[in-house]
Structures are given as structure tokens and as C-alpha cells.
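Enquirer: To start, I am sharing the structure in question, which I have written as C-alpha cells.
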Amino acid sequence: MEKERIYNNKSIKCLRKELRNNPTPTESALWELLRAGRLDGTKWRRQYSIGKYIVDFYCPKARLCVELDGDAHYSMQGDLYDLNRDEYINSLGISILRFENREFWEAPERVLLAIKQALGIV
């Protein structure tokens, strides 16, 4: 029996690629601030899968996910999905930071500060 692949599951590769090629405006803006070591040299991956879930941004070294939540998250179904997803990801020793899209657009510097604090670089 083959061991389950936890990171970047091949069965959802097409979906990860689709999400990377069609990011939301908020994801694009945050990616410009995180990519290529722009946040104090940290390395990030976008639309990275952990188990059957795809996270917006993941810093492997810090075992930290950053999620930007849009309208799809604000429903009973979305809340339940996020709860199950967060429990699974946390069970692997990975932390999750969540921000509403509105939070990012109102104060991107505050979002970056929270990420830096979670990374332990401030």
C-alpha cells in the first residue's frame, strides 16, 4: 500500500495550477509582498496543498499558512469547511493566520506585521 502524500498531492495538481493562474486581486497583492524573499528573506509557496486542502500561502521553514478569506468563507458551509481544514492542518503542527480581504486592503502593513510576528522576525 502506498503511503499518503501529504504535501502537494498530485491528484489536485490541476486545481492548484488553476488557482495560481487565476488569483483573486487580494492574493495577487499579498503575493507581490511575499514572493522572492521580499518579506525578510522568507520563502513562500502559493496555492500549496496540505492533505486534501489547498492553502493560499505557505512558509515551509516556519510551518505557517496565511489565508485570505473572501465571501465564500462567510457561510455556514464555509465555516464548517474552514474548521475541519484548520483542525487537520493544525494537527500536522502547522499554524494558520487568517485575514479577511477587507483587512488586507484597509491596512496591508498591519497584515505584514502580523505575519512577521508569527514568523518571529519582529
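Identifiers for the C-alpha cells are assigned positionally: chains receive A, B, ... in sequence, residues are indexed from 1 per chain, and ligands are indexed from 1 in the order shown.
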Extract, using only C-alpha atoms, all DNA, RNA and protein residues at most 7 Å from Asn9 in chain A, discarding same-chain residues fewer than 4 positions from it, and format them as a list of chain:residue names.
Expert: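 Residues near the query, excluding close chain neighbours: A:Arg5, A:Lys13, A:Ser49, A:Gly51.
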Enquirer: Among chain A, which residues carry a DSSP assignment of helix (DSSP H, G or I), reported as number ranges by chain?
Expert: A: 10-21, 25-37, 71-73, 76-91, 101-106, 108-119
Enquirer: Quick one: everything within 12 Å of range 110-116 of chain A, counting only C-alpha atoms, minus sequence neighbours fewer than 6 positions away in the same chain. Send it as JSON, numbers by chain.
Expert: {"A": [26, 29, 30, 31, 32, 33, 34, 38, 39, 40, 41, 42, 44, 57, 58, 59, 62, 64, 65, 66, 67, 68, 95, 96, 97, 98, 99, 100, 101, 102, 103, 104, 122]}
Enquirer: Quote the spacing between CA of Gly70 in chain A and CA of Ile94 in chain A in Å to one decimal place.
Expert: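 Separating CA of Gly70 in chain A from CA of Ile94 in chain A is a distance of 21.7 Å.
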Enquirer: Rank nothing, just name the residue among A:Asp69, A:Lys10, A:Leu80, A:Ile121 nearest to Thr24 in chain A, using only C-alpha atoms.
Expert: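 So, comparing all the options, the nearest one is A:Asp69.
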